[in-house]
$ cat final-v2.txt   # compact mmCIF, C-alpha atoms
# COMPACT_ATOMS: atom_id res chain seq x y z
CA MET A 5 135.24 98.13 77.34
CA ARG A 6 137.03 100.26 79.91
CA ARG A 7 135.65 98.67 83.04
CA THR A 8 136.32 95.48 84.94
CA PHE A 9 134.03 93.34 87.04
CA ASP A 10 135.82 94.52 90.18
CA ASP A 11 135.31 98.13 89.07
CA THR A 12 131.57 97.64 88.81
CA LEU A 13 131.37 95.99 92.23
CA SER A 14 133.21 98.97 93.71
CA TRP A 15 131.06 101.57 91.93
CA SER A 16 127.89 99.80 92.96
CA GLY A 17 128.99 100.03 96.57
CA THR A 18 129.97 103.67 96.21
CA GLY A 19 126.64 104.68 94.68
CA THR A 20 124.66 102.73 97.27
CA ARG A 21 126.49 104.44 100.12
CA LEU A 22 125.87 107.85 98.54
CA LEU A 23 122.16 107.13 98.33
CA LEU A 24 121.80 105.72 101.82
CA ASP A 25 123.94 108.40 103.46
CA THR A 26 122.12 111.20 101.63
CA ALA A 27 118.63 109.98 102.52
CA ALA A 28 119.51 109.04 106.11
CA GLY A 29 117.27 110.88 108.52
CA TRP A 30 114.96 112.35 105.89
CA GLY A 31 111.37 112.92 106.95
CA GLU A 32 108.25 113.40 104.89
CA GLU A 33 109.15 116.95 103.88
CA GLN A 34 112.53 115.98 102.42
CA TYR A 35 111.12 112.90 100.69
CA LEU A 36 108.28 114.85 99.11
CA ALA A 37 110.62 117.45 97.61
CA PRO A 38 111.09 117.32 93.82
CA SER A 39 113.85 115.10 92.50
CA GLY A 40 115.99 116.01 89.53
CA LEU A 41 113.71 113.97 87.26
CA PRO A 42 110.66 115.74 85.81
CA GLY A 43 107.41 114.77 87.50
CA TRP A 44 109.06 112.66 90.20
CA THR A 45 109.43 113.45 93.88
CA ARG A 46 112.32 111.97 95.83
CA LYS A 47 109.85 109.33 96.99
CA HIS A 48 109.31 108.23 93.38
CA LEU A 49 113.05 108.09 92.82
CA VAL A 50 113.83 106.15 95.98
CA ALA A 51 110.99 103.73 95.26
CA HIS A 52 112.44 103.21 91.78
CA VAL A 53 115.93 102.51 93.15
CA ALA A 54 114.59 100.12 95.81
CA ALA A 55 112.46 98.28 93.24
CA ASN A 56 115.51 98.06 90.97
CA ALA A 57 117.49 96.33 93.71
CA ASP A 58 114.70 93.78 94.14
CA ALA A 59 114.53 93.32 90.36
CA LEU A 60 118.28 92.75 90.08
CA SER A 61 118.01 90.30 92.97
CA ASN A 62 115.71 88.33 90.67
CA LEU A 63 118.55 88.13 88.15
CA VAL A 64 120.95 87.04 90.88
CA ARG A 65 118.50 84.30 91.81
CA TRP A 66 118.26 83.30 88.12
CA ALA A 67 122.06 83.02 87.93
CA ALA A 68 122.25 81.09 91.20
CA THR A 69 119.50 78.56 90.51
CA GLY A 70 119.06 78.46 86.74
CA GLU A 71 115.37 79.18 87.24
CA LYS A 72 114.20 81.93 84.89
CA THR A 73 113.30 84.91 87.08
CA PRO A 74 112.64 88.13 85.12
CA MET A 75 113.44 91.49 86.66
CA TYR A 76 109.81 92.61 86.44
CA SER A 77 106.60 90.76 85.61
CA SER A 78 105.76 93.55 83.13
CA PRO A 79 106.55 97.23 82.45
CA GLN A 80 103.10 98.08 83.78
CA GLN A 81 103.76 96.29 87.05
CA ARG A 82 107.14 98.03 87.35
CA ASN A 83 105.49 101.43 87.00
CA ALA A 84 102.71 100.48 89.41
CA ASP A 85 105.24 99.39 92.02
CA ILE A 86 107.07 102.72 91.76
CA GLU A 87 103.83 104.66 92.10
CA ALA A 88 102.79 102.57 95.11
CA GLY A 89 106.22 103.04 96.65
CA SER A 90 105.98 106.80 96.23
CA ARG A 91 103.01 106.76 98.61
CA LYS A 92 104.79 104.89 101.40
CA PRO A 93 105.59 106.77 104.62
CA ALA A 94 109.14 108.10 104.77
CA ALA A 95 110.34 105.57 107.35
CA GLU A 96 108.90 102.64 105.41
CA LEU A 97 110.44 103.86 102.17
CA ALA A 98 113.84 104.32 103.82
CA ALA A 99 113.65 100.80 105.23
CA TRP A 100 112.84 99.40 101.76
CA LEU A 101 115.76 101.27 100.20
CA SER A 102 118.15 99.87 102.78
CA SER A 103 116.80 96.31 102.96
CA SER A 104 116.58 95.86 99.19
CA ALA A 105 120.17 97.05 98.79
CA GLY A 106 121.25 94.65 101.52
CA ARG A 107 119.49 91.69 99.90
CA LEU A 108 121.09 92.44 96.55
CA ALA A 109 124.56 92.79 98.07
CA ALA A 110 124.16 89.49 99.93
CA GLY A 111 122.97 87.72 96.79
CA ILE A 112 125.87 89.06 94.75
CA ALA A 113 128.35 88.00 97.43
CA GLY A 114 126.93 84.47 97.32
CA LEU A 115 127.47 83.78 93.61
CA ASN A 116 130.35 81.50 92.63
CA ASP A 117 132.53 81.71 89.51
CA ASP A 118 130.30 79.38 87.46
CA GLN A 119 127.12 81.21 88.44
CA TRP A 120 128.61 84.53 87.38
CA LYS A 121 128.91 83.09 83.86
CA ALA A 122 125.18 82.29 83.68
CA GLU A 123 123.14 84.25 81.16
CA VAL A 124 120.22 86.41 82.32
CA VAL A 125 117.88 88.82 80.54
CA THR A 126 117.62 92.51 81.41
CA ALA A 127 114.40 94.52 81.59
CA GLN A 128 115.22 95.79 78.07
CA GLY A 129 115.39 92.23 76.74
CA ARG A 130 119.18 91.99 76.42
CA THR A 131 120.78 88.64 77.20
CA VAL A 132 123.91 89.27 79.26
CA PRO A 133 126.19 87.31 81.60
CA ALA A 134 125.44 87.69 85.29
CA THR A 135 128.71 89.63 85.61
CA GLU A 136 126.79 92.60 84.13
CA ILE A 137 124.50 92.83 87.17
CA PRO A 138 126.86 95.02 89.25
CA TRP A 139 127.26 97.38 86.29
CA LEU A 140 123.49 97.67 85.88
CA ARG A 141 123.25 98.53 89.57
CA SER A 142 126.17 100.98 89.39
CA ARG A 143 124.38 103.03 86.75
CA GLU A 144 121.21 103.15 88.82
CA VAL A 145 122.69 104.11 92.17
CA CYS A 146 125.37 106.52 90.96
CA VAL A 147 123.24 108.49 88.50
CA HIS A 148 120.19 108.53 90.76
CA ALA A 149 122.29 109.70 93.71
CA VAL A 150 122.73 112.86 91.65
CA ASP A 151 119.03 112.86 90.73
CA LEU A 152 118.10 113.14 94.43
CA ALA A 153 118.86 116.86 93.98
CA SER A 154 120.43 117.08 97.40
CA GLY A 155 123.88 118.41 96.55
CA ILE A 156 125.56 115.37 94.98
CA ALA A 157 126.89 116.10 91.48
CA PHE A 158 128.53 114.12 88.69
CA THR A 159 131.82 115.58 89.94
CA ASP A 160 131.35 113.49 93.11
CA LEU A 161 131.27 110.21 91.16
CA PRO A 162 134.43 108.16 90.40
CA ALA A 163 136.15 109.20 87.17
CA GLY A 164 136.37 105.59 86.04
CA PHE A 165 132.62 105.24 86.42
CA LEU A 166 131.99 108.41 84.41
CA ILE A 167 134.21 107.15 81.58
CA ALA A 168 132.48 103.74 81.57
CA LEU A 169 129.07 105.45 81.67
CA ALA A 170 129.98 107.64 78.69
CA ASP A 171 131.23 104.56 76.81
CA ASP A 172 127.99 102.73 77.55
CA ILE A 173 125.69 105.58 76.57
CA VAL A 174 127.59 106.37 73.36
CA ALA A 175 127.35 102.69 72.36
CA LYS A 176 123.59 102.74 72.94
CA ARG A 177 123.10 106.10 71.23
CA GLY A 178 125.12 105.02 68.19
CA GLY A 179 122.09 103.89 66.20
CA ALA A 180 119.71 106.62 67.35
CA ALA A 181 118.64 109.56 65.23
CA GLY A 182 120.23 112.85 66.20
CA PRO A 183 123.03 115.26 65.43
CA ALA A 184 126.61 114.14 64.83
CA ILE A 185 128.75 115.14 67.82
CA VAL A 186 132.38 114.81 68.85
CA LEU A 187 132.81 114.95 72.63
CA ALA A 188 136.12 115.67 74.31
CA ALA A 189 136.79 115.57 78.06
CA THR A 190 139.25 118.39 78.65
CA ASP A 191 140.46 117.10 82.02
CA THR A 192 141.15 113.49 81.05
CA GLY A 193 141.75 113.57 77.28
CA ASP A 194 139.00 111.03 76.61
CA ARG A 195 137.07 111.40 73.39
CA TRP A 196 133.80 110.01 72.02
CA GLU A 197 132.04 110.28 68.67
CA LEU A 198 128.29 110.13 68.13
CA PRO A 199 127.36 109.46 64.50
CA GLY A 200 124.39 111.40 63.24
CA GLU A 201 123.01 113.95 60.87
CA GLY A 202 124.96 116.89 59.45
CA GLU A 203 128.47 118.08 60.12
CA ALA A 204 129.73 116.94 63.51
CA ALA A 205 129.63 119.55 66.28
CA THR A 206 132.65 119.52 68.57
CA VAL A 207 131.77 119.77 72.26
CA LYS A 208 134.43 120.07 74.95
CA GLY A 209 134.31 120.23 78.71
CA PRO A 210 135.13 118.41 81.95
CA LEU A 211 134.44 114.68 82.08
CA ALA A 212 131.64 115.13 84.63
CA ASP A 213 129.81 117.50 82.27
CA VAL A 214 130.32 115.16 79.31
CA ALA A 215 128.79 112.26 81.25
CA ALA A 216 125.93 114.41 82.52
CA TYR A 217 125.22 115.64 78.99
CA LEU A 218 125.17 112.14 77.55
CA ALA A 219 122.87 111.01 80.37
CA GLY A 220 120.44 113.84 79.65
CA ARG A 221 121.18 115.64 82.91
CA PRO A 222 121.99 119.36 83.45
CA HIS A 223 125.41 120.34 82.12
CA ALA A 224 127.45 123.34 81.03
CA LEU A 225 128.83 122.05 77.72
CA THR A 226 129.02 124.36 74.73
CA THR A 227 130.31 124.05 71.19
CA ARG A 228 133.50 125.75 70.04
CA ASP A 229 131.30 128.64 68.89
CA GLY A 230 129.91 129.11 72.37
CA PHE A 231 126.47 127.68 71.69
CA LEU A 232 124.82 125.22 74.06
CA ALA A 233 125.59 121.62 73.12
CA PRO A 234 122.99 120.10 70.76
CA THR A 235 120.03 118.44 72.44
CA LEU A 236 120.24 114.64 72.43
CA PRO A 237 117.36 112.17 72.27
CA ALA A 238 116.31 110.70 75.63
CA TRP A 239 118.74 108.18 77.11
CA LEU A 240 117.49 104.76 78.20

$ encode --input "final-v2.txt" --output "structure tokens"
Amino acid sequence: MRRTFDDTLSWSGTGTRLLLDTAAGWGEEQYLAPSGLPGWTRKHLVAHVAANADALSNLVRWAATGEKTPMYSSPQQRNADIEAGSRKPAAELAAWLSSSAGRLAAGIAGLNDDQWKAEVVTAQGRTVPATEIPWLRSREVCVHAVDLASGIAFTDLPAGFLIALADDIVAKRGGAAGPAIVLAATDTGDRWELPGEGEAATVKGPLADVAAYLAGRPHALTTRDGFLAPTLPAWL
């Protein structure tokens, strides 16, 4: 694992600032523009990020009190909340984005060393220590800052975050069906291997493109033969 708890706290703050600064002053027209995610406007995306902060605050509360507090009552309720949020007026949505991020930050700041060791359960059913909460938030805010489709790119994200994100995605993709791929970041020397079917394709490019590719976002990676990098199954 090439990330520390302090790293994840820093990246969470960085991604949150990118989101808030980017969306600051947006009106209805900007919020209703398409995001980088198929079928979602920026309103959908911002509602998702705000709801995620509230959901992670549930895990913080779980760690602080010992009372089981799931992130979401159900996947259906999570989706319904995002859809409802996408219909909020721009000012109301912006206020939710900011206030939910503030509540989460305050909750995280209030946990003591023992509470950080408490086990909580993610929306995917994984049991993890509370110290994983800032990493879960980092992924959301940093990647979705790019998904706002407002000029932020993976190149604007911290290199350490991109390496940790690639590590995380490769670990999760390890058991999934798909082509065998060797990925090499030409600017940092980092290397990842995805087991899969057939002879492994070697794909090289800048770290930002490698992370974007693994995350299923637009990229410019090609194989050594000049072909576009093989399509990967959807990332969680």

$ closest_atom_pairs --input "final-v2.txt" --of "range 91-140 of chain A" --to "range 46-49 of chain A" --cutoff "10 Å" --atoms "only C-alpha atoms" --output "JSON lines"
{"residue": "A:Arg91", "atom": "CA", "partner": "A:Lys47", "partner_atom": "CA", "distance": 7.5}
{"residue": "A:Lys92", "atom": "CA", "partner": "A:Lys47", "partner_atom": "CA", "distance": 8.0}
{"residue": "A:Pro93", "atom": "CA", "partner": "A:Lys47", "partner_atom": "CA", "distance": 9.1}
{"residue": "A:Ala94", "atom": "CA", "partner": "A:Lys47", "partner_atom": "CA", "distance": 7.9}
{"residue": "A:Leu97", "atom": "CA", "partner": "A:Lys47", "partner_atom": "CA", "distance": 7.6}
{"residue": "A:Ala98", "atom": "CA", "partner": "A:Lys47", "partner_atom": "CA", "distance": 9.4}

$ write_last_selection --input "final-v2.txt" --atoms "C-alpha atoms" --output "compact mmCIF listing (two decimals), in the coordinates of the input"
# COMPACT_ATOMS: atom_id res chain seq x y z
CA ARG A 91 103.01 106.76 98.61
CA LYS A 92 104.79 104.89 101.40
CA PRO A 93 105.59 106.77 104.62
CA ALA A 94 109.14 108.10 104.77
CA LEU A 97 110.44 103.86 102.17
CA ALA A 98 113.84 104.32 103.82

$ closest_residue --input "final-v2.txt" --among "A:Gly230, A:Gly17, A:Pro210, A:Gly31" --to "Glu96 in chain A" --atoms "all atoms listed in the file"
A:Gly31

$ closest_atom_pairs --input "final-v2.txt" --of "range 105-139 of chain A" --to "range 58-65 of chain A" --cutoff "8 Å" --atoms "all atoms listed in the file" --output "JSON lines"
{"residue": "A:Ala105", "atom": "CA", "partner": "A:Asp58", "partner_atom": "CA", "distance": 7.9}
{"residue": "A:Arg107", "atom": "CA", "partner": "A:Ser61", "partner_atom": "CA", "distance": 7.2}
{"residue": "A:Leu108", "atom": "CA", "partner": "A:Ser61", "partner_atom": "CA", "distance": 5.2}
{"residue": "A:Gly111", "atom": "CA", "partner": "A:Val64", "partner_atom": "CA", "distance": 6.3}
{"residue": "A:Ile112", "atom": "CA", "partner": "A:Val64", "partner_atom": "CA", "distance": 6.6}
{"residue": "A:Leu115", "atom": "CA", "partner": "A:Val64", "partner_atom": "CA", "distance": 7.8}
{"residue": "A:Val124", "atom": "CA", "partner": "A:Leu63", "partner_atom": "CA", "distance": 6.3}
{"residue": "A:Val125", "atom": "CA", "partner": "A:Leu63", "partner_atom": "CA", "distance": 7.7}
{"residue": "A:Ala134", "atom": "CA", "partner": "A:Val64", "partner_atom": "CA", "distance": 7.2}
{"residue": "A:Ile137", "atom": "CA", "partner": "A:Leu60", "partner_atom": "CA", "distance": 6.9}

$ closest_residue --input "final-v2.txt" --among "A:Thr135, A:Thr26, A:Gln128, A:Thr159" --to "Asp191 in chain A" --atoms "all atoms listed in the file"
A:Thr159

$ residues_near_point --input "final-v2.txt" --point "(118.4, 117.2, 72.7)" --cutoff "9 Å" --atoms "all atoms listed in the file" --output "PyMOL selection string"
chain A and resi 182-183+220+233-238

$ residues_near_point --input "final-v2.txt" --point "(101.4, 105.6, 92.0)" --cutoff "12 Å" --atoms "only C-alpha atoms" --output "list of chain:residue names"
A:Gly43, A:Trp44, A:Thr45, A:Lys47, A:His48, A:Leu49, A:Ala51, A:His52, A:Gln80, A:Gln81, A:Arg82, A:Asn83, A:Ala84, A:Asp85, A:Ile86, A:Glu87, A:Ala88, A:Gly89, A:Ser90, A:Arg91, A:Lys92

$ residues_around --input "final-v2.txt" --residues "Gly164 in chain A" --least-positions-apart "3" --cutoff "10 Å" --atoms "all atoms listed in the file" --output "ChimeraX atom specification"
/A:6-7,11-12,15,161,167-170

$ closest_atom_pairs --input "final-v2.txt" --of "range 146-239 of chain A" --to "range 37-40 of chain A" --cutoff "6 Å" --atoms "only C-alpha atoms" --output "JSON lines"
{"residue": "A:Asp151", "atom": "CA", "partner": "A:Gly40", "partner_atom": "CA", "distance": 4.5}
{"residue": "A:Leu152", "atom": "CA", "partner": "A:Ser39", "partner_atom": "CA", "distance": 5.1}
{"residue": "A:Ala153", "atom": "CA", "partner": "A:Gly40", "partner_atom": "CA", "distance": 5.4}

$ atom_distance --input "final-v2.txt" --atom1 "CA of Val150 in chain A" --atom2 "CA of Arg228 in chain A"
27.4 Å

$ atom_distance --input "final-v2.txt" --atom1 "CA of Ala204 in chain A" --atom2 "CA of Phe165 in chain A"
25.9 Å

$ axis_aligned_box --input "final-v2.txt" --around "range 96-110 of chain A" --padding-each-side "4 Å" --output "JSON"
{"center_x": 116.7, "center_y": 96.9, "center_z": 101.0, "size_x": 23.7, "size_y": 22.8, "size_z": 16.9}

$ atom_distance --input "final-v2.txt" --atom1 "CA of His148 in chain A" --atom2 "CA of Leu13 in chain A"
16.9 Å

$ closest_residue --input "final-v2.txt" --among "A:Asp194, A:Glu203, A:Asp229, A:Asp25" --to "Ser154 in chain A" --atoms "all atoms listed in the file"
A:Asp25

$ closest_residue --input "final-v2.txt" --among "A:Leu225, A:Val132, A:Cys146, A:Ala184" --to "Phe158 in chain A" --atoms "only C-alpha atoms"
A:Cys146

$ closest_residue --input "final-v2.txt" --among "A:Glu201, A:Asp171, A:Glu136, A:Asp213" --to "Asp10 in chain A" --atoms "all atoms listed in the file"
A:Glu136

$ residues_around --input "final-v2.txt" --residues "Lys121 in chain A" --least-positions-apart "2" --cutoff "9 Å" --atoms "all atoms listed in the file" --output "ChimeraX atom specification"
/A:67,117-119,123,133-135

$ closest_residue --input "final-v2.txt" --among "A:Val214, A:Ala122, A:Ala99, A:Val207" --to "Gly29 in chain A" --atoms "only C-alpha atoms"
A:Ala99

$ residues_around --input "final-v2.txt" --residues "Thr206 in chain A" --least-positions-apart "2" --cutoff "8 Å" --atoms "only C-alpha atoms" --output "PyMOL selection string"
chain A and resi 185-188+204+208+227-228
